>>> print(open('protein_22.cif').read())   # mmCIF, C-alpha atoms and all ligand atoms
data_run
loop_
_atom_site.label_atom_id
_atom_site.label_comp_id
_atom_site.auth_asym_id
_atom_site.auth_seq_id
_atom_site.Cartn_x
_atom_site.Cartn_y
_atom_site.Cartn_z
CA MET H 296 111.55 89.51 56.13
CA SER H 297 109.62 90.68 59.14
CA ARG H 298 110.60 88.67 62.20
CA GLN H 299 114.00 87.63 60.97
CA HIS H 300 116.01 89.87 63.29
CA VAL H 301 113.88 90.05 66.42
CA ASP H 302 111.22 87.48 67.16
CA HIS H 303 109.72 85.87 70.25
CA ARG H 304 113.02 84.17 71.06
CA GLU H 305 114.99 87.40 71.13
CA ILE H 306 112.40 89.10 73.35
CA ALA H 307 112.43 86.08 75.67
CA ALA H 308 116.23 86.24 75.86
CA PHE H 309 116.16 89.97 76.55
CA ALA H 310 113.64 89.36 79.35
CA GLN H 311 115.87 86.72 80.88
CA ASP H 312 119.01 88.90 80.73
CA ARG H 313 117.70 92.37 81.51
CA VAL H 314 114.13 92.38 82.76
CA ASN H 315 113.57 89.53 85.18
CA LEU H 316 114.74 89.24 88.74
CA PRO H 317 117.17 86.29 88.61
CA SER H 318 115.63 83.28 90.32
CA ASP H 319 118.43 82.84 92.87
CA LYS H 320 117.79 86.43 94.02
CA ALA H 321 114.05 85.82 94.17
CA LYS H 322 114.67 82.73 96.31
CA GLU H 323 116.99 84.61 98.62
CA TYR H 324 114.50 87.47 99.13
CA ARG H 325 111.57 85.12 99.67
CA ALA H 326 113.64 83.28 102.28
CA GLN H 327 114.40 86.60 103.95
CA ALA H 328 110.68 87.41 104.18
CA LYS H 329 109.97 83.90 105.47
CA ARG H 330 112.46 84.33 108.29
CA LEU H 331 110.55 87.38 109.51
CA ARG H 332 107.25 85.56 109.19
CA ASP H 333 108.60 82.55 111.14
CA LYS H 334 109.93 84.85 113.84
CA LEU H 335 106.51 86.43 114.25
CA GLU H 336 104.89 82.99 114.38
CA GLY H 337 107.34 81.95 117.08
CA TYR H 338 106.49 85.04 119.11
CA LEU H 339 102.76 84.41 118.62
CA ARG H 340 103.10 80.89 120.04
CA ASP H 341 104.28 82.36 123.34
CA HIS H 342 102.01 85.45 123.16
CA PRO H 343 98.73 84.33 121.55
CA ASP H 344 97.04 87.67 122.30
CA PHE H 345 99.65 89.70 120.43
CA SER H 346 98.05 92.18 118.04
CA LEU H 347 100.15 91.31 114.96
CA LYS H 348 98.42 88.21 113.63
CA LYS H 349 100.29 87.23 110.50
CA MET H 350 102.85 88.36 107.96
CA LEU H 351 102.38 87.56 104.32
CA LEU H 352 104.66 88.13 101.35
CA SER H 353 102.69 90.31 98.95
CA GLY H 354 103.54 92.29 95.85
CA SER H 355 105.61 91.22 92.88
CA LEU H 356 107.88 88.82 94.74
CA ALA H 357 104.83 86.82 95.83
CA LYS H 358 103.26 86.92 92.35
CA GLY H 359 106.42 86.10 90.38
CA THR H 360 106.26 89.43 88.54
CA ALA H 361 109.30 91.16 90.06
CA LEU H 362 111.75 93.07 87.91
CA ARG H 363 115.51 92.91 88.20
CA THR H 364 115.36 96.43 89.63
CA LEU H 365 113.31 95.27 92.65
CA ASN H 366 114.40 97.40 95.56
CA ASP H 367 112.33 96.24 98.46
CA ILE H 368 110.43 93.23 99.67
CA ASP H 369 106.69 93.84 100.24
CA VAL H 370 105.22 92.13 103.26
CA ALA H 371 101.69 92.70 104.55
CA CYS H 372 101.10 92.48 108.28
CA TYR H 373 97.64 91.84 109.76
CA VAL H 374 97.02 94.00 112.79
CA SER H 375 94.06 93.55 115.06
CA GLY H 376 93.24 94.32 118.63
CA ALA H 377 91.19 96.89 120.45
CA ASP H 378 94.11 99.27 120.86
CA ALA H 379 95.18 99.32 117.17
CA PRO H 380 94.87 102.95 115.97
CA GLU H 381 92.66 103.73 112.97
CA ASP H 382 94.70 106.72 111.93
CA THR H 383 97.41 105.83 109.39
CA GLN H 384 100.29 107.66 111.02
CA ALA H 385 99.45 106.36 114.47
CA LEU H 386 99.00 102.85 113.07
CA LEU H 387 102.49 102.91 111.53
CA ASP H 388 104.03 103.98 114.84
CA TYR H 389 102.05 101.27 116.59
CA LEU H 390 103.18 98.64 114.04
CA ALA H 391 106.83 99.68 114.46
CA GLU H 392 106.56 99.41 118.23
CA LYS H 393 105.01 95.92 118.01
CA LEU H 394 107.57 94.72 115.46
CA ARG H 395 110.38 95.82 117.78
CA LYS H 396 108.75 93.80 120.53
CA ALA H 397 108.39 90.68 118.36
CA PHE H 398 111.93 90.99 116.90
CA PRO H 399 114.05 91.84 119.94
CA ASN H 400 117.31 90.98 118.22
CA PHE H 401 116.76 93.82 115.75
CA SER H 402 117.96 97.13 117.11
CA PRO H 403 115.20 99.77 117.27
CA ASP H 404 116.76 101.78 114.43
CA GLN H 405 116.41 98.75 112.12
CA VAL H 406 112.63 99.10 112.40
CA GLN H 407 111.53 102.49 111.10
CA PRO H 408 108.10 103.91 110.27
CA GLN H 409 108.05 105.51 106.81
CA THR H 410 105.24 107.48 105.18
CA TYR H 411 102.97 104.47 104.48
CA CYS H 412 104.87 101.43 105.73
CA VAL H 413 107.42 100.30 108.30
CA THR H 414 110.84 99.35 106.99
CA VAL H 415 112.77 96.49 108.55
CA SER H 416 116.43 96.71 107.55
CA PHE H 417 118.78 93.78 107.71
CA ARG H 418 122.44 94.19 108.56
CA GLY H 419 124.69 93.10 105.73
CA THR H 420 123.06 91.43 102.77
CA GLY H 421 119.47 91.47 101.63
CA LEU H 422 116.97 94.14 100.79
CA ASP H 423 114.87 96.14 103.20
CA VAL H 424 111.49 94.66 103.96
CA ASP H 425 108.58 97.09 103.68
CA VAL H 426 105.92 96.00 106.12
CA VAL H 427 102.49 97.35 105.16
CA PRO H 428 99.78 97.18 107.84
CA ILE H 429 96.35 95.73 107.22
CA LEU H 430 93.75 96.46 109.87
CA TYR H 431 92.15 93.11 110.39
CA ASP H 432 88.96 92.06 112.12
CA GLY H 433 89.21 88.26 111.77
CA ASP H 434 87.67 87.83 108.32
CA PRO H 435 88.15 84.18 107.25
CA ASN H 436 89.18 85.26 103.72
CA TRP H 437 91.72 87.70 105.11
CA TYR H 438 89.93 90.84 104.00
CA GLY H 439 91.16 93.85 105.88
CA ASN H 440 91.94 97.54 105.48
CA LEU H 441 95.26 97.82 103.65
CA VAL H 442 97.16 101.09 103.95
CA SER H 443 97.45 102.39 100.38
CA GLN H 444 101.06 102.94 99.32
CA GLU H 445 99.86 105.78 97.11
CA ASP H 446 98.09 108.04 99.58
CA GLY H 447 97.88 106.29 102.95
CA SER H 448 94.13 105.76 102.75
CA PHE H 449 92.59 102.44 103.82
CA LEU H 450 91.60 100.02 101.04
CA ARG H 451 89.42 97.03 101.86
CA THR H 452 90.93 94.09 100.05
CA SER H 453 92.25 90.56 100.41
CA ILE H 454 95.89 89.80 99.57
CA PRO H 455 95.44 85.99 99.59
CA ARG H 456 92.61 86.39 97.09
CA HIS H 457 94.79 88.63 94.91
CA LEU H 458 97.44 85.90 94.91
CA GLU H 459 94.81 83.30 94.05
CA PHE H 460 93.44 85.54 91.26
CA ALA H 461 96.93 85.91 89.78
CA SER H 462 97.65 82.20 90.05
CA VAL H 463 94.56 81.33 87.95
CA ARG H 464 95.94 83.47 85.08
CA LYS H 465 99.49 82.22 85.59
CA LYS H 466 98.40 78.59 85.36
CA ARG H 467 96.50 79.29 82.16
CA HIS H 468 99.65 80.49 80.35
CA ASP H 469 102.44 78.57 82.05
CA LYS H 470 105.32 81.06 82.50
CA ASP H 471 104.13 83.44 79.78
CA TYR H 472 101.58 85.48 81.74
CA ALA H 473 104.11 86.57 84.35
CA GLN H 474 106.70 87.17 81.64
CA VAL H 475 104.49 89.47 79.59
CA VAL H 476 103.52 91.33 82.79
CA ARG H 477 107.21 91.85 83.57
CA LEU H 478 107.93 93.09 80.03
CA ALA H 479 105.05 95.59 80.26
CA LYS H 480 106.19 96.72 83.71
CA PHE H 481 109.70 97.21 82.30
CA TRP H 482 108.24 99.39 79.53
CA ALA H 483 106.17 101.40 82.05
CA ARG H 484 109.17 101.86 84.29
CA ARG H 485 111.09 103.33 81.39
CA MET H 486 108.19 105.66 80.52
CA LYS H 487 108.14 106.87 84.14
CA SER H 488 111.82 107.71 83.98
CA GLU H 489 111.46 109.49 80.64
CA GLN H 490 108.28 111.42 81.19
CA ASP H 491 107.64 113.61 84.20
CA GLY H 492 104.38 112.74 85.88
CA PHE H 493 103.85 109.50 83.97
CA ARG H 494 102.13 106.95 86.22
CA PHE H 495 101.08 103.39 85.55
CA LYS H 496 100.86 101.23 88.61
CA SER H 497 102.00 97.61 88.38
CA PHE H 498 98.69 96.33 89.72
CA MET H 499 96.84 98.14 86.90
CA ILE H 500 99.11 96.54 84.31
CA GLU H 501 98.41 93.13 85.83
CA MET H 502 94.66 93.71 85.73
CA ILE H 503 94.78 94.69 82.05
CA MET H 504 96.81 91.54 81.28
CA SER H 505 94.30 89.49 83.28
CA LYS H 506 91.44 90.93 81.27
CA LEU H 507 93.25 90.05 78.04
CA SER H 508 93.86 86.54 79.35
CA ASP H 509 90.17 86.14 80.22
CA ASP H 510 89.30 87.38 76.71
CA GLY H 511 91.35 84.57 75.23
CA VAL H 512 94.54 86.38 74.21
CA ASP H 513 97.43 83.98 73.67
CA PHE H 514 100.54 85.00 75.64
CA SER H 515 102.96 82.52 74.13
CA ASP H 516 104.33 84.88 71.47
CA TYR H 517 105.76 87.91 73.29
CA PRO H 518 105.70 90.44 70.41
CA ASP H 519 102.05 89.54 69.74
CA ALA H 520 101.07 89.59 73.43
CA LEU H 521 102.71 93.00 73.94
CA GLN H 522 100.99 94.25 70.82
CA ALA H 523 97.65 93.01 72.21
CA PHE H 524 98.30 94.95 75.43
CA PHE H 525 99.18 98.22 73.67
CA THR H 526 96.31 97.83 71.22
CA TYR H 527 93.81 97.26 74.02
CA ILE H 528 94.96 100.43 75.78
CA ALA H 529 94.80 102.48 72.58
CA ASN H 530 91.39 101.15 71.52
CA SER H 531 89.77 101.47 74.93
CA ASP H 532 91.32 104.92 75.45
CA MET H 533 91.77 103.68 79.07
CA ARG H 534 88.10 104.58 79.57
CA GLU H 535 86.62 101.10 79.48
CA ARG H 536 85.70 99.66 82.86
CA ILE H 537 87.72 96.55 83.66
CA VAL H 538 85.92 94.21 86.03
CA PHE H 539 86.14 90.50 86.86
CA SER H 540 83.61 87.94 88.04
CA ASP H 541 85.86 85.73 90.18
CA TYR H 542 84.54 87.04 93.51
CA TYR H 543 81.41 89.11 92.78
CA ALA H 544 78.93 89.88 90.04
CA PRO H 545 80.21 92.66 87.73
CA SER H 546 76.72 94.21 87.85
CA SER H 547 77.24 94.96 91.56
CA VAL H 548 80.00 97.52 90.90
CA PRO H 549 78.79 100.95 92.04
CA SER H 550 78.99 103.66 89.40
CA THR H 551 81.77 106.23 89.60
CA SER H 552 82.96 109.11 87.46
CA ASP H 553 86.65 108.17 87.75
CA PRO H 554 88.19 108.34 84.24
CA ILE H 555 90.06 105.05 84.65
CA GLN H 556 88.02 102.25 86.18
CA ILE H 557 89.95 99.11 86.99
CA ILE H 558 87.96 97.47 89.72
CA ASP H 559 89.71 95.42 92.39
CA PRO H 560 88.88 91.79 91.50
CA VAL H 561 88.15 91.05 95.17
CA ASN H 562 86.17 94.17 96.15
CA GLN H 563 83.71 95.82 93.78
CA GLU H 564 83.85 99.07 95.75
CA ASN H 565 87.55 99.60 95.24
CA ASN H 566 88.68 101.23 92.00
CA VAL H 567 92.38 100.46 91.81
CA ALA H 568 92.87 103.47 89.48
CA ARG H 569 90.89 105.91 91.64
CA LEU H 570 93.76 108.39 91.87
CA TYR H 571 94.35 108.73 88.10
CA ASP H 572 93.00 111.82 86.34
CA SER H 573 92.19 112.05 82.65
CA GLY H 574 95.50 113.70 81.79
CA GLN H 575 97.27 110.68 83.24
CA ALA H 576 94.93 108.35 81.35
CA ASP H 577 95.73 110.21 78.11
CA ALA H 578 99.47 109.95 78.76
CA ILE H 579 99.17 106.16 79.10
CA VAL H 580 97.18 105.97 75.86
CA GLU H 581 99.73 108.14 74.01
CA ALA H 582 102.62 106.03 75.26
CA ALA H 583 100.82 102.82 74.28
CA LEU H 584 100.14 104.18 70.79
CA ASP H 585 103.84 104.97 70.38
CA ALA H 586 104.90 101.56 71.67
CA GLY H 587 102.38 99.78 69.45
CA ASP H 588 103.57 101.70 66.39
CA ALA H 589 107.18 100.91 67.22
CA ILE H 590 106.44 97.18 67.48
CA ASP H 591 104.54 97.25 64.17
CA SER H 592 107.49 98.97 62.52
CA ALA H 593 109.98 96.61 64.15
CA LEU H 594 108.09 93.60 62.81
CA ARG H 595 108.28 95.07 59.28
CA ALA H 596 111.74 96.66 59.28
CA PRO H 597 114.10 95.27 56.62
CA THR H 598 117.41 95.54 58.43
CA LYS H 599 118.60 94.39 61.81
CA GLN H 600 119.72 97.89 62.72
CA GLU H 601 116.29 99.38 62.07
CA THR H 602 114.53 96.53 63.83
CA VAL H 603 116.62 96.98 66.96
CA ALA H 604 116.11 100.76 66.86
CA TYR H 605 112.33 100.26 66.88
CA TRP H 606 112.45 97.81 69.78
CA GLN H 607 114.62 100.30 71.63
CA LYS H 608 111.74 102.77 71.40
CA VAL H 609 109.82 100.30 73.54
CA PHE H 610 112.50 99.00 75.90
CA GLY H 611 115.24 101.61 75.73
CA PRO H 612 118.92 101.33 74.78
CA GLN H 613 119.29 98.26 77.01
CA PHE H 614 117.57 96.32 74.26
CA GLN H 615 120.25 94.61 72.14
CA VAL H 616 120.36 91.42 70.17
N1 LIG H 701 94.66 100.02 94.86
C1 LIG H 701 94.80 98.80 95.38
N2 LIG H 701 93.74 98.13 95.85
C2 LIG H 701 93.89 96.90 96.39
N3 LIG H 701 95.05 96.25 96.50
C3 LIG H 701 96.14 96.87 96.05
C4 LIG H 701 96.08 98.16 95.46
N4 LIG H 701 97.33 98.52 95.11
C5 LIG H 701 98.14 97.49 95.45
N5 LIG H 701 97.43 96.49 96.01
C6 LIG H 701 97.95 95.21 96.52
O1 LIG H 701 99.34 95.35 96.69
C7 LIG H 701 100.05 94.44 95.84
C8 LIG H 701 101.30 95.08 95.27
O2 LIG H 701 101.00 96.24 94.52
P1 LIG H 701 101.58 96.57 93.10
O3 LIG H 701 100.99 95.60 92.14
O4 LIG H 701 101.33 97.98 92.77
O5 LIG H 701 103.10 96.34 93.26
P2 LIG H 701 104.02 95.09 92.90
O6 LIG H 701 103.23 93.96 92.32
O7 LIG H 701 104.80 94.78 94.12
O8 LIG H 701 104.90 95.65 91.73
P3 LIG H 701 106.28 96.46 91.77
O9 LIG H 701 107.23 95.54 91.05
O10 LIG H 701 105.96 97.69 91.00
O11 LIG H 701 106.64 96.71 93.18
C9 LIG H 701 99.04 94.04 94.77
O12 LIG H 701 99.32 92.75 94.26
C10 LIG H 701 97.74 94.07 95.56
O13 LIG H 701 97.59 92.87 96.31
MG MG H 702 106.35 95.92 95.06
#
>>> encode(input="protein_22.cif", output="structure tokens", more="lines below")
Ligand SMILES: Nc1ncnc2c1ncn2[C@@H]1O[C@H](COP(=O)(O)OP(=O)(O)OP(=O)(O)O)[C@@H](O)[C@H]1O
Ligand SMILES: [Mg+2]
Amino acid sequence: MSRQHVDHREIAAFAQDRVNLPSDKAKEYRAQAKRLRDKLEGYLRDHPDFSLKKMLLSGSLAKGTALRTLNDIDVACYVSGADAPEDTQALLDYLAEKLRKAFPNFSPDQVQPQTYCVTVSFRGTGLDVDVVPILYDGDPNWYGNLVSQEDGSFLRTSIPRHLEFASVRKKRHDKDYAQVVRLAKFWARRMKSEQDGFRFKSFMIEMIMSKLSDDGVDFSDYPDALQAFFTYIANSDMRERIVFSDYYAPSSVPSTSDPIQIIDPVNQENNVARLYDSGQADAIVEAALDAGDAIDSALRAPTKQETVAYWQKVFGPQFQV
């Protein structure tokens, strides 16, 4: 019958083997980021007026949602001071110059401004660290203007609050929230590689999962949780505003004509999906319909071979049982 060949257990095993960043790697990369952060703190003790105020692990490694294919470590760096430039390009050059000052045992070529971040490369092992500047004016909740990794614009947001927001949902579902996020990110990653122009940012996926969590969806059965995710996307047509009440009243969100509206849970004026047009929204809906159909068929397929073939439509040929 239905779940005989592939059930929750098989999806969980696939996640462990192929989707998740192994925990020893995650530990190693977090330690790498911490060494940079400690170095900056050491420098700040001797130079309290230095304009780089703090480094903070952000992104998937901080949230426990990293995929095995992780290829850089995201670190946010709070920059303040009268001479900090407000132009993105100039700010990145400024950040690189200050990082070289704070990390004198790195050679200058190990600290390189990129389009929207500054990369710190380690000799030998480890991944590169992408340092993303946040223009910071001393806000106690660590709000600041984050340089968008999509277009270099400034986004007012708070990384510590994002981490707190994620941890509320993670606690609610033990390990399952982060696991279902990683499975959906794995699916989206595959769609991106298969379909030119397909976009679906990790943060958007997390916000949809958070909405489902707040609506009472159970994440403990992975086929069902994935099906809930794809069904929500298909039913909403990606045109339903997603908004949270953790840090502001949903009624305070200003109106916008953006086709996808996934409002930053910590700033009602920031639509996380601002750069998505309706063609891109439609492509996400189409892909979710296909994935949802495939899971339905997989859960009904009579033979193991057919079942696996349907799951491969979702996760690609890497999916094996
Ligand atoms: N549009 C945005 N507005 C506000 N904050 C954002 C926005 N985009 C990204 N961020 C912040 O940057 C963090 C990392 O972004 P994102 O979720 O896209 O990548 P990630 O979690 O590192 O996933 P990936 O595995 O794809 O690298 C988010 O958790 C959030 O704090
Ligand atoms: Mg990342």
>>> atom_distance(input="protein_22.cif", atom1="atom CA of Leu430 of chain H", atom2="atom C8 of ligand LIG 701 (chain H)")
16.5 Å
>>> residues_around(input="protein_22.cif", residues="segment 358-368 of chain H", least_positions_apart="5", cutoff="8 Å", atoms="all atoms listed in the file", output="PyMOL selection string")
chain H and resi 313-317+324+328+352-353+422-425+458+461-462+473-474+476-477+480-481
>>> residues_near_ligand(input="protein_22.cif", ligand="ligand LIG 701 (chain H)", cutoff="8 Å", atoms="all atoms listed in the file", output="MDAnalysis selection string")
chainID H and resid 353:356 358 360:362 365 367 369 441 443:445 450:455 457:458 480 496:499 501 559 565:569
>>> residues_around(input="protein_22.cif", residues="segment 297-304 of chain H", least_positions_apart="3", cutoff="7 Å", atoms="only C-alpha atoms", output="JSON, numbers by chain")
{"H": [307, 308, 516, 517, 518, 594, 595, 596, 597, 599, 602]}
>>> atom_distance(input="protein_22.cif", atom1="atom CA of Arg464 of chain H", atom2="atom CA of Leu507 of chain H")
10.0 Å
>>> residues_around(input="protein_22.cif", residues="Glu581 of chain H", least_positions_apart="3", cutoff="10 Å", atoms="only C-alpha atoms", output="ChimeraX atom specification")
/H:525,528-529,532,575-578,584-587
>>> closest_residue(input="protein_22.cif", among="H:Thr551, H:Ala371, H:Ala385, H:Val609", to="ligand MG 702 (chain H)", atoms="only C-alpha atoms and all ligand atoms")
H:Ala371
>>> atom_distance(input="protein_22.cif", atom1="atom CA of Asp446 of chain H", atom2="atom CA of Phe524 of chain H")
27.5 Å
>>> closest_residue(input="protein_22.cif", among="H:Leu339, H:Leu351, H:Val616, H:Ala357", to="ligand MG 702 (chain H)", atoms="all atoms listed in the file")
H:Ala357
>>> residues_near_point(input="protein_22.cif", point="(99.6, 83.2, 72.3)", cutoff="12 Å", atoms="all atoms listed in the file", output="ChimeraX atom specification")
/H:303,467-472,475,507-508,510-523
>>> closest_residue(input="protein_22.cif", among="H:Met350, H:Met504, H:Ala379, H:Ile558", to="Thr526 of chain H", atoms="only C-alpha atoms")
H:Met504
>>> decode(input="protein_22.cif", residues="segment 473-496 of chain H", atoms="N, CA, C and O atoms", output="short mmCIF file (atom, residue, chain, number, x, y, z; two decimals), in the first residue's frame")
data_model
loop_
_atom_site.label_atom_id
_atom_site.label_comp_id
_atom_site.auth_asym_id
_atom_site.auth_seq_id
_atom_site.Cartn_x
_atom_site.Cartn_y
_atom_site.Cartn_z
N ALA H 473 13.53 22.86 11.26
CA ALA H 473 14.76 23.09 10.48
C ALA H 473 14.91 22.02 9.40
O ALA H 473 15.35 22.31 8.28
N GLN H 474 14.51 20.79 9.72
CA GLN H 474 14.66 19.72 8.73
C GLN H 474 13.75 19.92 7.52
O GLN H 474 14.18 19.72 6.39
N VAL H 475 12.51 20.32 7.76
CA VAL H 475 11.61 20.53 6.63
C VAL H 475 12.06 21.75 5.81
O VAL H 475 12.00 21.74 4.58
N VAL H 476 12.57 22.77 6.49
CA VAL H 476 13.16 23.92 5.76
C VAL H 476 14.28 23.43 4.86
O VAL H 476 14.34 23.78 3.67
N ARG H 477 15.18 22.62 5.40
CA ARG H 477 16.30 22.15 4.58
C ARG H 477 15.83 21.30 3.40
O ARG H 477 16.36 21.41 2.30
N LEU H 478 14.82 20.47 3.61
CA LEU H 478 14.29 19.67 2.49
C LEU H 478 13.71 20.58 1.41
O LEU H 478 13.93 20.36 0.22
N ALA H 479 12.97 21.61 1.82
CA ALA H 479 12.38 22.53 0.83
C ALA H 479 13.47 23.33 0.12
O ALA H 479 13.38 23.57 -1.09
N LYS H 480 14.50 23.73 0.86
CA LYS H 480 15.61 24.45 0.22
C LYS H 480 16.32 23.55 -0.79
O LYS H 480 16.76 24.00 -1.85
N PHE H 481 16.45 22.26 -0.45
CA PHE H 481 17.08 21.31 -1.36
C PHE H 481 16.27 21.20 -2.65
O PHE H 481 16.83 21.22 -3.76
N TRP H 482 14.94 21.13 -2.50
CA TRP H 482 14.06 21.10 -3.67
C TRP H 482 14.24 22.38 -4.52
O TRP H 482 14.38 22.32 -5.74
N ALA H 483 14.24 23.54 -3.84
CA ALA H 483 14.35 24.81 -4.57
C ALA H 483 15.70 24.92 -5.29
O ALA H 483 15.77 25.43 -6.41
N ARG H 484 16.72 24.42 -4.64
CA ARG H 484 18.04 24.46 -5.23
C ARG H 484 18.06 23.66 -6.54
O ARG H 484 18.64 24.06 -7.54
N ARG H 485 17.40 22.52 -6.49
CA ARG H 485 17.32 21.68 -7.68
C ARG H 485 16.52 22.39 -8.78
O ARG H 485 16.88 22.36 -9.95
N MET H 486 15.42 23.02 -8.42
CA MET H 486 14.63 23.77 -9.40
C MET H 486 15.47 24.87 -10.06
O MET H 486 15.40 25.09 -11.26
N LYS H 487 16.27 25.55 -9.24
CA LYS H 487 17.13 26.62 -9.77
C LYS H 487 18.10 26.06 -10.80
O LYS H 487 18.38 26.69 -11.81
N SER H 488 18.62 24.86 -10.53
CA SER H 488 19.61 24.32 -11.46
C SER H 488 18.93 23.78 -12.73
O SER H 488 19.55 23.68 -13.77
N GLU H 489 17.66 23.45 -12.61
CA GLU H 489 16.96 22.86 -13.78
C GLU H 489 16.30 23.91 -14.65
O GLU H 489 16.07 23.68 -15.84
N GLN H 490 15.92 25.03 -14.04
CA GLN H 490 15.07 25.97 -14.75
C GLN H 490 15.72 27.35 -14.75
O GLN H 490 15.89 27.96 -13.69
N ASP H 491 16.09 27.80 -15.92
CA ASP H 491 16.71 29.11 -16.04
C ASP H 491 15.82 30.20 -15.46
O ASP H 491 14.63 30.25 -15.78
N GLY H 492 16.37 31.03 -14.63
CA GLY H 492 15.61 32.15 -14.11
C GLY H 492 14.73 31.83 -12.92
O GLY H 492 14.08 32.72 -12.37
N PHE H 493 14.73 30.56 -12.48
CA PHE H 493 13.94 30.20 -11.31
C PHE H 493 14.60 30.78 -10.07
O PHE H 493 15.79 30.62 -9.86
N ARG H 494 13.81 31.48 -9.26
CA ARG H 494 14.35 32.06 -8.02
C ARG H 494 13.41 31.73 -6.87
O ARG H 494 12.19 31.79 -7.03
N PHE H 495 13.99 31.40 -5.74
CA PHE H 495 13.19 31.20 -4.54
C PHE H 495 14.16 31.27 -3.36
O PHE H 495 14.80 30.28 -3.00
N LYS H 496 14.27 32.44 -2.82
CA LYS H 496 15.24 32.74 -1.78
C LYS H 496 14.97 31.93 -0.50
O LYS H 496 13.83 31.76 -0.08
#
